[in-house]
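Source file: final_2.cif; contents: mmCIF, C-alpha atoms.
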```cif
data_query
#
loop_
_atom_site.label_atom_id
_atom_site.label_comp_id
_atom_site.auth_asym_id
_atom_site.auth_seq_id
_atom_site.Cartn_x
_atom_site.Cartn_y
_atom_site.Cartn_z
CA MET A 22 79.51 155.71 111.12
CA ASN A 23 76.81 158.29 111.84
CA THR A 24 78.28 161.74 112.49
CA GLN A 25 74.97 163.59 112.86
CA PRO A 26 72.33 162.98 115.51
CA PHE A 27 69.39 160.94 114.33
CA ASP A 28 66.12 162.84 114.09
CA PHE A 29 63.62 161.85 116.76
CA ASP A 30 61.93 165.27 116.93
CA THR A 31 60.17 165.31 113.54
CA PRO A 32 56.82 163.52 113.90
CA VAL A 33 56.17 160.63 111.52
CA ASP A 34 52.63 160.50 110.15
CA ARG A 35 51.39 157.01 110.97
CA SER A 36 47.84 157.52 109.72
CA ALA A 37 46.84 155.27 106.81
CA THR A 38 49.49 152.72 107.82
CA ASP A 39 47.14 150.34 109.68
CA SER A 40 48.90 151.20 112.91
CA GLU A 41 47.28 149.44 115.86
CA LYS A 42 48.49 152.23 118.12
CA TRP A 43 47.12 155.14 116.07
CA ASP A 44 44.01 153.54 114.57
CA LYS A 45 42.58 152.86 118.02
CA TYR A 46 41.52 156.52 118.13
CA GLN A 47 40.98 157.04 114.41
CA GLY A 48 38.83 160.10 113.76
CA ARG A 49 39.21 161.37 117.32
CA ASP A 50 41.51 164.02 118.77
CA VAL A 51 43.30 161.59 121.09
CA ILE A 52 47.10 161.34 121.31
CA PRO A 53 47.92 157.60 121.53
CA LEU A 54 50.52 156.88 124.20
CA TRP A 55 49.40 153.38 125.14
CA VAL A 56 50.84 150.24 123.48
CA ALA A 57 54.65 149.80 123.67
CA ASP A 58 55.36 150.87 120.10
CA MET A 59 57.58 153.91 119.50
CA ASP A 60 56.71 156.49 116.84
CA PHE A 61 60.28 156.82 115.54
CA ARG A 62 61.56 155.56 112.20
CA SER A 63 63.68 152.44 112.65
CA PRO A 64 67.48 152.66 112.28
CA PRO A 65 68.54 153.58 108.72
CA ALA A 66 70.69 150.44 108.57
CA VAL A 67 67.59 148.32 109.19
CA ILE A 68 65.57 150.12 106.53
CA GLU A 69 68.41 149.75 104.01
CA ALA A 70 68.81 146.03 104.74
CA LEU A 71 65.09 145.50 104.20
CA HIS A 72 65.24 147.35 100.88
CA GLN A 73 68.10 145.13 99.72
CA ARG A 74 66.30 141.96 100.74
CA ILE A 75 63.07 143.04 99.04
CA GLU A 76 64.97 143.85 95.82
CA HIS A 77 65.84 140.15 95.55
CA GLY A 78 62.14 139.54 95.00
CA VAL A 79 61.87 135.94 96.25
CA PHE A 80 60.32 135.46 99.68
CA GLY A 81 60.50 131.75 100.40
CA TYR A 82 60.76 129.79 103.63
CA THR A 83 63.88 130.95 105.44
CA HIS A 84 65.98 129.45 108.25
CA PRO A 85 67.86 131.65 110.74
CA PRO A 86 70.80 133.19 108.85
CA GLN A 87 74.22 132.31 110.20
CA GLY A 88 75.07 136.00 110.12
CA LEU A 89 72.17 136.72 112.47
CA VAL A 90 73.22 133.97 114.87
CA GLU A 91 76.73 135.43 115.00
CA ALA A 92 75.34 138.96 115.45
CA VAL A 93 73.17 137.82 118.38
CA LEU A 94 76.06 136.03 120.09
CA ASP A 95 78.29 139.08 119.62
CA HIS A 96 75.54 141.36 120.97
CA LEU A 97 74.98 139.25 124.10
CA GLU A 98 78.68 139.18 124.93
CA ARG A 99 79.36 142.83 124.04
CA ASP A 100 76.37 144.36 125.78
CA PHE A 101 75.79 142.00 128.70
CA GLY A 102 79.06 140.11 129.14
CA TRP A 103 77.12 136.92 128.47
CA GLN A 104 78.78 134.12 126.54
CA VAL A 105 76.14 132.04 124.76
CA GLN A 106 76.50 129.08 122.40
CA SER A 107 74.59 129.00 119.12
CA GLU A 108 72.77 125.75 119.97
CA TRP A 109 71.17 127.47 122.96
CA LEU A 110 69.07 129.68 120.66
CA VAL A 111 65.45 128.83 119.82
CA TRP A 112 63.81 131.24 117.36
CA LEU A 113 60.29 132.55 117.88
CA PRO A 114 57.91 134.88 116.02
CA GLY A 115 57.25 136.93 119.17
CA LEU A 116 57.80 137.29 122.92
CA VAL A 117 54.15 136.75 123.88
CA CYS A 118 54.31 133.51 121.95
CA GLY A 119 57.44 132.68 123.95
CA LEU A 120 55.68 133.31 127.27
CA ASN A 121 52.93 130.91 126.28
CA VAL A 122 55.35 128.22 125.11
CA LEU A 123 57.35 128.68 128.31
CA SER A 124 54.27 128.17 130.46
CA ARG A 125 53.50 124.91 128.64
CA ALA A 126 57.09 123.69 128.73
CA VAL A 127 57.43 123.64 132.52
CA GLY A 128 55.47 121.34 134.83
CA GLU A 129 52.03 120.02 134.01
CA ALA A 130 48.37 121.05 134.07
CA GLY A 131 47.40 122.34 137.50
CA ASP A 132 50.89 123.49 138.46
CA GLU A 133 51.57 127.07 139.54
CA VAL A 134 53.41 129.91 137.84
CA ILE A 135 54.46 132.78 140.11
CA THR A 136 55.11 136.35 139.00
CA PHE A 137 55.34 139.90 140.34
CA THR A 138 52.54 142.39 139.74
CA PRO A 139 51.76 144.87 138.31
CA VAL A 140 53.05 143.26 135.16
CA TYR A 141 52.61 143.07 131.40
CA PRO A 142 49.23 141.27 130.98
CA PRO A 143 50.45 138.13 129.11
CA PHE A 144 52.45 137.19 132.23
CA MET A 145 49.10 136.57 133.91
CA SER A 146 47.19 135.11 130.95
CA ALA A 147 49.84 132.74 129.53
CA PRO A 148 49.80 130.36 132.54
CA THR A 149 45.98 130.29 132.58
CA LEU A 150 45.85 129.53 128.86
CA SER A 151 48.34 126.71 129.55
CA GLN A 152 46.13 125.14 132.25
CA ARG A 153 48.41 126.46 134.99
CA THR A 154 47.50 128.63 137.96
CA THR A 155 48.89 132.15 138.05
CA VAL A 156 50.14 133.20 141.50
CA LYS A 157 50.64 136.96 141.84
CA VAL A 158 53.05 138.57 144.30
CA PRO A 159 52.62 142.37 144.47
CA LEU A 160 55.69 144.56 144.18
CA GLN A 161 56.18 146.98 147.07
CA LEU A 162 57.03 150.68 147.08
CA HIS A 163 60.10 151.40 149.18
CA ASP A 164 61.47 154.95 149.25
CA GLY A 165 59.75 155.71 145.96
CA ARG A 166 61.13 152.62 144.22
CA TRP A 167 59.31 149.43 143.30
CA VAL A 168 60.96 146.36 144.85
CA ALA A 169 60.18 142.67 145.20
CA ASP A 170 58.93 141.42 148.57
CA MET A 171 61.14 138.37 148.90
CA GLU A 172 59.47 137.10 152.08
CA ARG A 173 56.07 137.26 150.45
CA LEU A 174 57.47 135.47 147.41
CA GLU A 175 58.77 132.62 149.58
CA ARG A 176 55.43 132.32 151.39
CA ALA A 177 53.53 132.12 148.12
CA ILE A 178 55.53 129.15 146.81
CA THR A 179 53.95 125.71 147.23
CA PRO A 180 54.94 122.21 146.09
CA ARG A 181 52.90 122.87 142.91
CA THR A 182 54.94 125.99 142.03
CA LYS A 183 57.22 125.13 139.10
CA LEU A 184 57.98 128.39 137.30
CA LEU A 185 59.06 131.89 138.35
CA LEU A 186 58.28 134.43 135.61
CA LEU A 187 60.43 137.56 135.68
CA CYS A 188 60.06 140.73 133.63
CA SER A 189 63.57 142.13 133.41
CA PRO A 190 63.63 145.13 133.01
CA HIS A 191 60.18 145.25 134.51
CA ASN A 192 57.18 146.46 132.53
CA PRO A 193 55.34 148.60 133.64
CA VAL A 194 57.25 149.94 136.68
CA GLY A 195 60.50 150.61 134.76
CA ARG A 196 62.86 148.82 137.11
CA ALA A 197 66.25 147.50 136.01
CA TRP A 198 66.85 144.75 138.56
CA THR A 199 70.23 144.95 140.29
CA ARG A 200 72.71 142.09 140.54
CA ASP A 201 71.78 141.67 144.21
CA GLU A 202 68.06 141.45 143.40
CA LEU A 203 68.69 138.95 140.61
CA GLN A 204 70.84 136.85 142.94
CA GLN A 205 67.97 136.79 145.44
CA PHE A 206 65.56 135.60 142.73
CA ALA A 207 68.05 132.92 141.67
CA ALA A 208 68.51 131.76 145.27
CA VAL A 209 64.76 131.36 145.75
CA ALA A 210 64.53 129.39 142.50
CA GLU A 211 67.35 127.11 143.62
CA ARG A 212 65.86 126.51 147.08
CA HIS A 213 62.50 125.54 145.60
CA ASP A 214 63.80 123.95 142.39
CA LEU A 215 61.95 126.39 140.14
CA VAL A 216 62.53 127.08 136.48
CA ILE A 217 63.07 130.80 135.82
CA GLY A 218 61.44 132.35 132.79
CA SER A 219 62.92 135.79 132.18
CA ASP A 220 61.47 138.20 129.60
CA ASP A 221 64.34 140.59 128.81
CA ILE A 222 62.75 142.30 125.80
CA HIS A 223 63.59 145.80 127.15
CA ALA A 224 67.23 144.88 127.89
CA GLY A 225 68.57 147.38 125.35
CA LEU A 226 66.62 150.26 126.88
CA ILE A 227 68.44 150.99 130.14
CA LEU A 228 68.03 154.75 130.59
CA ASP A 229 70.16 155.29 133.69
CA GLU A 230 73.71 156.03 132.58
CA GLY A 231 76.27 153.82 134.27
CA THR A 232 73.76 150.96 134.64
CA ARG A 233 74.14 147.81 132.57
CA HIS A 234 71.48 145.18 131.98
CA LEU A 235 72.33 141.80 133.48
CA PRO A 236 70.39 138.72 132.31
CA ILE A 237 69.70 136.50 135.31
CA ALA A 238 71.06 133.51 133.37
CA ALA A 239 74.43 135.29 133.17
CA LEU A 240 74.85 135.14 136.97
CA SER A 241 76.26 131.61 136.93
CA PRO A 242 76.13 128.34 134.96
CA GLU A 243 73.95 126.92 137.73
CA THR A 244 71.36 129.67 137.35
CA ALA A 245 71.57 129.42 133.56
CA ARG A 246 70.69 125.72 133.68
CA ARG A 247 67.30 126.49 135.20
CA THR A 248 66.56 129.59 133.10
CA ILE A 249 64.77 130.29 129.85
CA THR A 250 65.55 133.84 128.69
CA LEU A 251 63.35 135.54 126.09
CA LEU A 252 64.86 138.33 123.98
CA ALA A 253 64.12 140.33 120.84
CA PRO A 254 65.33 143.44 119.01
CA SER A 255 61.73 144.62 118.57
CA LYS A 256 61.40 147.17 121.40
CA THR A 257 64.96 148.51 121.28
CA TYR A 258 65.05 149.16 117.53
CA ASN A 259 61.31 149.77 117.03
CA ILE A 260 60.63 146.79 114.76
CA PRO A 261 57.82 144.99 116.67
CA GLY A 262 55.76 144.46 113.52
CA LEU A 263 58.52 142.28 112.01
CA GLY A 264 58.22 139.53 114.62
CA CYS A 265 61.68 138.08 115.30
CA SER A 266 62.45 136.87 118.83
CA PHE A 267 64.43 134.09 120.45
CA ALA A 268 64.86 132.08 123.62
CA VAL A 269 68.24 131.32 125.17
CA ILE A 270 68.21 127.93 126.93
CA SER A 271 71.52 126.36 127.97
CA ASP A 272 70.13 123.17 129.52
CA PRO A 273 69.48 120.54 126.81
CA ALA A 274 66.54 118.90 128.62
CA LEU A 275 64.84 122.24 129.25
CA ARG A 276 65.47 123.25 125.64
CA ARG A 277 63.88 120.01 124.38
CA SER A 278 60.82 120.64 126.57
CA PHE A 279 60.51 124.15 125.18
CA ILE A 280 60.80 122.98 121.56
CA LYS A 281 58.30 120.18 122.19
CA ALA A 282 55.82 122.63 123.72
CA ALA A 283 56.13 124.85 120.66
CA GLY A 284 55.42 121.82 118.48
CA ARG A 285 54.04 122.65 115.05
CA ILE A 286 51.72 125.34 116.40
CA VAL A 287 54.33 128.11 116.58
CA PRO A 288 55.15 129.45 113.10
CA HIS A 289 58.61 130.23 111.78
CA VAL A 290 60.03 133.74 111.87
CA ASN A 291 59.42 135.58 108.60
CA LEU A 292 62.44 136.37 106.45
CA LEU A 293 62.14 140.16 106.81
CA GLY A 294 62.17 139.73 110.57
CA TYR A 295 65.48 137.91 110.32
CA THR A 296 66.87 140.58 108.00
CA ALA A 297 65.86 143.46 110.27
CA ALA A 298 67.15 141.73 113.40
CA GLU A 299 70.61 141.12 111.94
CA ALA A 300 70.92 144.70 110.68
CA ALA A 301 69.78 146.05 114.05
CA TYR A 302 72.26 144.03 116.07
CA ARG A 303 75.14 144.63 113.65
CA HIS A 304 74.66 148.28 112.78
CA GLY A 305 72.05 149.78 115.10
CA GLU A 306 74.24 150.85 118.01
CA PRO A 307 74.75 154.53 116.97
CA TRP A 308 71.00 154.91 116.53
CA ARG A 309 70.31 153.22 119.89
CA HIS A 310 72.82 155.52 121.60
CA ASP A 311 71.00 158.61 120.33
CA LEU A 312 67.61 157.06 121.07
CA LEU A 313 68.52 156.53 124.73
CA SER A 314 69.64 160.14 125.04
CA TYR A 315 66.35 161.33 123.55
CA LEU A 316 64.29 159.04 125.78
CA ARG A 317 66.11 160.33 128.86
CA GLY A 318 65.05 163.83 127.90
CA ASN A 319 61.44 162.69 127.47
CA ARG A 320 61.55 160.81 130.77
CA ASP A 321 62.80 163.86 132.66
CA LEU A 322 60.28 166.15 130.98
CA LEU A 323 57.48 163.78 131.96
CA ALA A 324 58.65 163.50 135.57
CA GLU A 325 58.67 167.28 135.95
CA ALA A 326 55.23 167.63 134.38
CA VAL A 327 53.59 164.89 136.45
CA ALA A 328 55.03 166.41 139.61
CA ARG A 329 52.88 169.49 138.87
CA MET A 330 49.69 167.51 138.33
CA PRO A 331 47.33 167.38 141.32
CA GLY A 332 46.85 163.86 142.66
CA LEU A 333 49.35 162.16 140.36
CA THR A 334 52.63 160.47 141.26
CA THR A 335 55.17 158.80 139.03
CA TYR A 336 58.42 156.96 139.71
CA HIS A 337 61.90 157.14 138.29
CA VAL A 338 62.08 155.12 135.07
CA GLU A 339 65.37 153.21 135.10
CA ALA A 340 64.61 151.30 131.89
CA THR A 341 62.00 151.10 129.09
CA TYR A 342 60.14 154.07 127.58
CA LEU A 343 57.10 153.48 129.79
CA ALA A 344 56.06 155.63 132.76
CA TRP A 345 53.91 154.11 135.52
CA ILE A 346 51.65 156.77 137.01
CA ASP A 347 49.63 156.51 140.23
CA THR A 348 46.33 158.43 139.96
CA ARG A 349 44.68 157.13 143.14
CA ALA A 350 45.12 160.34 145.14
CA ALA A 351 43.25 162.22 142.41
CA GLY A 352 40.12 160.22 143.17
CA ILE A 353 39.46 159.27 139.53
CA SER A 354 37.29 156.15 139.28
CA ASP A 355 38.46 155.24 135.75
CA PRO A 356 41.72 157.06 134.92
CA GLY A 357 42.04 155.47 131.50
CA ARG A 358 38.69 156.82 130.42
CA PHE A 359 39.28 160.16 132.15
CA PHE A 360 42.48 160.89 130.24
CA GLU A 361 41.08 159.51 126.99
CA GLU A 362 38.23 162.02 127.26
CA ALA A 363 40.92 164.66 127.82
CA GLY A 364 42.57 163.65 124.54
CA VAL A 365 45.34 161.30 125.75
CA GLY A 366 45.15 157.54 125.23
CA LEU A 367 46.98 155.61 127.98
CA SER A 368 47.07 151.97 129.10
CA ASN A 369 44.74 151.39 132.02
CA GLY A 370 46.34 149.97 135.13
CA PHE A 371 43.68 147.34 135.77
CA GLU A 372 45.04 145.43 132.75
CA PHE A 373 48.31 145.10 134.70
CA ASP A 374 46.50 144.08 137.92
CA ALA A 375 46.76 147.62 139.33
CA PRO A 376 43.53 149.66 139.17
CA GLY A 377 44.12 153.36 139.75
CA PHE A 378 47.31 153.48 137.69
CA VAL A 379 48.00 154.31 134.04
CA ARG A 380 50.97 153.54 131.81
CA LEU A 381 52.29 156.21 129.46
CA ASN A 382 54.52 155.47 126.46
CA PHE A 383 56.95 158.37 126.04
CA GLY A 384 58.64 156.88 122.95
CA CYS A 385 57.39 159.70 120.75
CA ALA A 386 58.37 163.13 119.43
CA ARG A 387 58.92 165.55 122.31
CA GLY A 388 56.44 168.08 120.96
CA LEU A 389 53.71 165.44 120.97
CA LEU A 390 54.61 164.41 124.53
CA LYS A 391 54.46 168.03 125.69
CA GLU A 392 51.00 168.44 124.19
CA ALA A 393 49.77 165.24 125.85
CA LEU A 394 51.12 166.28 129.25
CA GLN A 395 49.49 169.70 128.91
CA ARG A 396 46.16 168.05 128.14
CA MET A 397 46.47 165.82 131.19
CA GLU A 398 47.31 168.70 133.53
CA ARG A 399 44.55 170.88 132.13
CA ALA A 400 41.97 168.12 132.59
CA LEU A 401 43.02 167.56 136.20
CA ARG A 402 42.86 171.25 137.08
CA GLN A 403 39.49 171.75 135.39
CA ARG A 404 37.74 168.92 137.24
#
```

Let me see the file written as structure tokens.
Amino acid sequence: MNTQPFDFDTPVDRSATDSEKWDKYQGRDVIPLWVADMDFRSPPAVIEALHQRIEHGVFGYTHPPQGLVEAVLDHLERDFGWQVQSEWLVWLPGLVCGLNVLSRAVGEAGDEVITFTPVYPPFMSAPTLSQRTTVKVPLQLHDGRWVADMERLERAITPRTKLLLLCSPHNPVGRAWTRDELQQFAAVAERHDLVIGSDDIHAGLILDEGTRHLPIAALSPETARRTITLLAPSKTYNIPGLGCSFAVISDPALRRSFIKAAGRIVPHVNLLGYTAAEAAYRHGEPWRHDLLSYLRGNRDLLAEAVARMPGLTTYHVEATYLAWIDTRAAGISDPGRFFEEAGVGLSNGFEFDAPGFVRLNFGCARGLLKEALQRMERALRQR
């Protein structure tokens, strides 16, 4: 059991590691705070498990370890109060892959997939790539909080709508949906006989103390029967490059459709992904506890800094390590480029169907975050 806080303050040099995040601005003085990839070393238990597996020296085809299955089931019940059976699990090499399989598994070509925007870009591209039509329902700001417009959702549903795609917690606006909100989504799905696809990849990153993530499938057996939930340890434990994810599907017919849609196109999870996932779920909780505390500090620092920046507004981040920042009042035509020229690399809002916004990843050493925020404020005041 860890008795000392884990070190999130000491920067890790990620140059010369083929990092997608850092190599984007290679050779330039730009702090990369864009893609959802934290700069922290993974939990020591994960690193140690990988060392042990590598020492064996044979890296053949590998099926999901029974120990990992048990660790996942324990994690879902312990952390979310969700009792899941092992046969409900379908393993995947990534969540984006899962979104694409999901879109193919429900309905047929020409059907509609409905989702809330702004949203992680694959929510909009996966249906299109699956010969479905993406229907976008904008989230609304209410008292400084992003909420779903349920009336607009209902109006947007047609007889061709077959799938409701949820991001829960929601990327990029940082919402942790409440039980009441999830019940409203479930009720709409029941009234219109929709399948629910719920991407819960940030489920382990609830920042608000006293709030617990609730998978929509855990509301009731009835809701579970129409739900495909996508999960992974990758964001929570900072192991996205190891590619181990899974779907939870309780309904046998829906599970068969999902597996059929995956076919022989979707590759197996690699053995190191399995190893890291099991170690994370079994032994990563002390590290995650300290991580959440550190991220809360970064979140609060960011909120205070943005409040001082002319023309910028941000919103309370309930979950994830991603801040959604409104730059429209600043009158910047291309905020992504503006801040990049100021030495801070952010995700541009138009990619999320929200021009005028930027997304900032604060999963980094606090000193680096402070420097980035200072660069942003200085650039705004010097315009």

Need to verify the contact set: range 251-266 of chain A, 8 Å, only C-alpha atoms, exclusion of same-chain residues closer than 3 positions in sequence. Can you return it as a compact mmCIF listing (two decimals) with C-alpha atoms, in the coordinates of the input?
```
# COMPACT_ATOMS: atom_id res chain seq x y z
CA ALA A 57 54.65 149.80 123.67
CA ASP A 58 55.36 150.87 120.10
CA MET A 59 57.58 153.91 119.50
CA PHE A 61 60.28 156.82 115.54
CA ARG A 62 61.56 155.56 112.20
CA SER A 63 63.68 152.44 112.65
CA PRO A 64 67.48 152.66 112.28
CA TRP A 112 63.81 131.24 117.36
CA LEU A 113 60.29 132.55 117.88
CA PRO A 114 57.91 134.88 116.02
CA GLY A 115 57.25 136.93 119.17
CA LEU A 116 57.80 137.29 122.92
CA GLY A 119 57.44 132.68 123.95
CA GLY A 218 61.44 132.35 132.79
CA SER A 219 62.92 135.79 132.18
CA ASP A 220 61.47 138.20 129.60
CA ASP A 221 64.34 140.59 128.81
CA ILE A 222 62.75 142.30 125.80
CA HIS A 223 63.59 145.80 127.15
CA ALA A 224 67.23 144.88 127.89
CA GLY A 225 68.57 147.38 125.35
CA LEU A 226 66.62 150.26 126.88
CA VAL A 269 68.24 131.32 125.17
CA VAL A 290 60.03 133.74 111.87
CA ASN A 291 59.42 135.58 108.60
CA LEU A 293 62.14 140.16 106.81
CA GLY A 294 62.17 139.73 110.57
CA TYR A 295 65.48 137.91 110.32
CA ALA A 297 65.86 143.46 110.27
CA ALA A 298 67.15 141.73 113.40
CA ALA A 301 69.78 146.05 114.05
CA TYR A 302 72.26 144.03 116.07
CA GLY A 305 72.05 149.78 115.10
CA ARG A 309 70.31 153.22 119.89
```

Query raised in the report: Rounded to one decimal in Å, what is the spacing between CA of Leu394 in chain A and CA of Asp374 in chain A?
Result: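 Atom-to-atom, CA of Leu394 in chain A to CA of Asp374 in chain A, that is 24.3 Å.
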
Query raised in the report: Hey, can you check how far CA of Glu69 in chain A sits from CA of Arg99 in chain A?
Result: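 Spanning CA of Glu69 in chain A to CA of Arg99 in chain A is a straight-line distance of 23.9 Å.
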
Query raised in the report: Which value, in Å to one decimal, gives the distance between CA of Ile135 in chain A and CA of Ala147 in chain A?
Result: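 Spanning CA of Ile135 in chain A to CA of Ala147 in chain A is a straight-line distance of 11.5 Å.
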
Query - Which of A:Arg404, A:Arg303, A:Arg181, A:Arg320 sits closest to Lys391 in chain A [using all atoms listed in the file] - result: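 Of all the options, A:Arg320 lies closest to Lys391 in chain A.
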
**Report entry** All residues 8 Å or closer to Phe101 in chain A, all atoms listed in the file, same chain fewer than 6 positions away omitted, as a list in words
**Finding:**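 Skipping anything fewer than 6 positions along the chain leaves Arg233, His234, Leu235 and Pro236 of chain A.
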
Query - Evaluate the PyMOL selection byres ((chain A and resi 144) around 12) and report residues as number ranges by chain - result: A: 116-124, 134-143, 145-151, 153-157, 184-188, 191-193, 218-220, 372-374

Query raised in the report: With distances taken over all atoms listed in the file, which of A:Met397, A:Leu240, A:Ala197, A:Ala245 is nearest to Arg329 in chain A?
Result: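 For Arg329 in chain A, the nearest of the given residues is A:Met397.
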
Written as a JSON list (two decimals) with C-alpha atoms, keeping the file's coordinate frame, which residues does the PyMOL selection byres ((chain A and resi 203-209) around 9) give for the file shown?
```json
[["chain", "number", "residue", "atom", "x", "y", "z"],
["A", 171, "MET", "CA", 61.14, 138.37, 148.90],
["A", 174, "LEU", "CA", 57.47, 135.47, 147.41],
["A", 175, "GLU", "CA", 58.77, 132.62, 149.58],
["A", 185, "LEU", "CA", 59.06, 131.89, 138.35],
["A", 187, "LEU", "CA", 60.43, 137.56, 135.68],
["A", 198, "TRP", "CA", 66.85, 144.75, 138.56],
["A", 199, "THR", "CA", 70.23, 144.95, 140.29],
["A", 200, "ARG", "CA", 72.71, 142.09, 140.54],
["A", 201, "ASP", "CA", 71.78, 141.67, 144.21],
["A", 202, "GLU", "CA", 68.06, 141.45, 143.40],
["A", 210, "ALA", "CA", 64.53, 129.39, 142.50],
["A", 211, "GLU", "CA", 67.35, 127.11, 143.62],
["A", 212, "ARG", "CA", 65.86, 126.51, 147.08],
["A", 213, "HIS", "CA", 62.50, 125.54, 145.60],
["A", 214, "ASP", "CA", 63.80, 123.95, 142.39],
["A", 215, "LEU", "CA", 61.95, 126.39, 140.14],
["A", 217, "ILE", "CA", 63.07, 130.80, 135.82],
["A", 235, "LEU", "CA", 72.33, 141.80, 133.48],
["A", 236, "PRO", "CA", 70.39, 138.72, 132.31],
["A", 237, "ILE", "CA", 69.70, 136.50, 135.31],
["A", 238, "ALA", "CA", 71.06, 133.51, 133.37],
["A", 240, "LEU", "CA", 74.85, 135.14, 136.97],
["A", 244, "THR", "CA", 71.36, 129.67, 137.35]]
```

Box centre and edge lengths (Å, one decimal), axis-aligned, range 193-211 of chain A plus 8 Å each side, as lines of an AutoDock Vina configuration file:
```
center_x = 64.0
center_y = 138.9
center_z = 139.7
size_x = 33.4
size_y = 39.5
size_z = 28.1
```

Requested in this report: Considering all atoms listed in the file, return as a list in words whatever protein or nucleic-acid residues lie within 10 Å of Pro86 in chain A, sequence-local ones (same chain, fewer than 3 positions apart) excluded.
Outcome: Thr83, Leu89, Val90, Glu91, Ala92, Leu292, Tyr295, Thr296 and Glu299 of chain A

Query raised in the report: If we count only C-alpha atoms, what is near Ile353 in chain A at a cut-off of 10 Å, once residues fewer than 6 positions away on the same chain are taken out, given as number ranges by chain?
Result: A: 332, 359-360, 377-378, 401

With a distance cut-off of 12 Å and all atoms listed in the file, select the neighbouring residues of Asp50 in chain A, excluding the residue or stretch itself and same-chain residues fewer than 3 positions from it, and output the selection as a CSV table (one decimal) with C-alpha atoms, in the frame of the given file.
```
chain,number,residue,atom,x,y,z
A,43,TRP,CA,47.1,155.1,116.1
A,44,ASP,CA,44.0,153.5,114.6
A,45,LYS,CA,42.6,152.9,118.0
A,46,TYR,CA,41.5,156.5,118.1
A,47,GLN,CA,41.0,157.0,114.4
A,53,PRO,CA,47.9,157.6,121.5
A,360,PHE,CA,42.5,160.9,130.2
A,361,GLU,CA,41.1,159.5,127.0
A,362,GLU,CA,38.2,162.0,127.3
A,363,ALA,CA,40.9,164.7,127.8
A,364,GLY,CA,42.6,163.6,124.5
A,365,VAL,CA,45.3,161.3,125.8
A,366,GLY,CA,45.2,157.5,125.2
A,392,GLU,CA,51.0,168.4,124.2
A,393,ALA,CA,49.8,165.2,125.8
A,396,ARG,CA,46.2,168.0,128.1
```
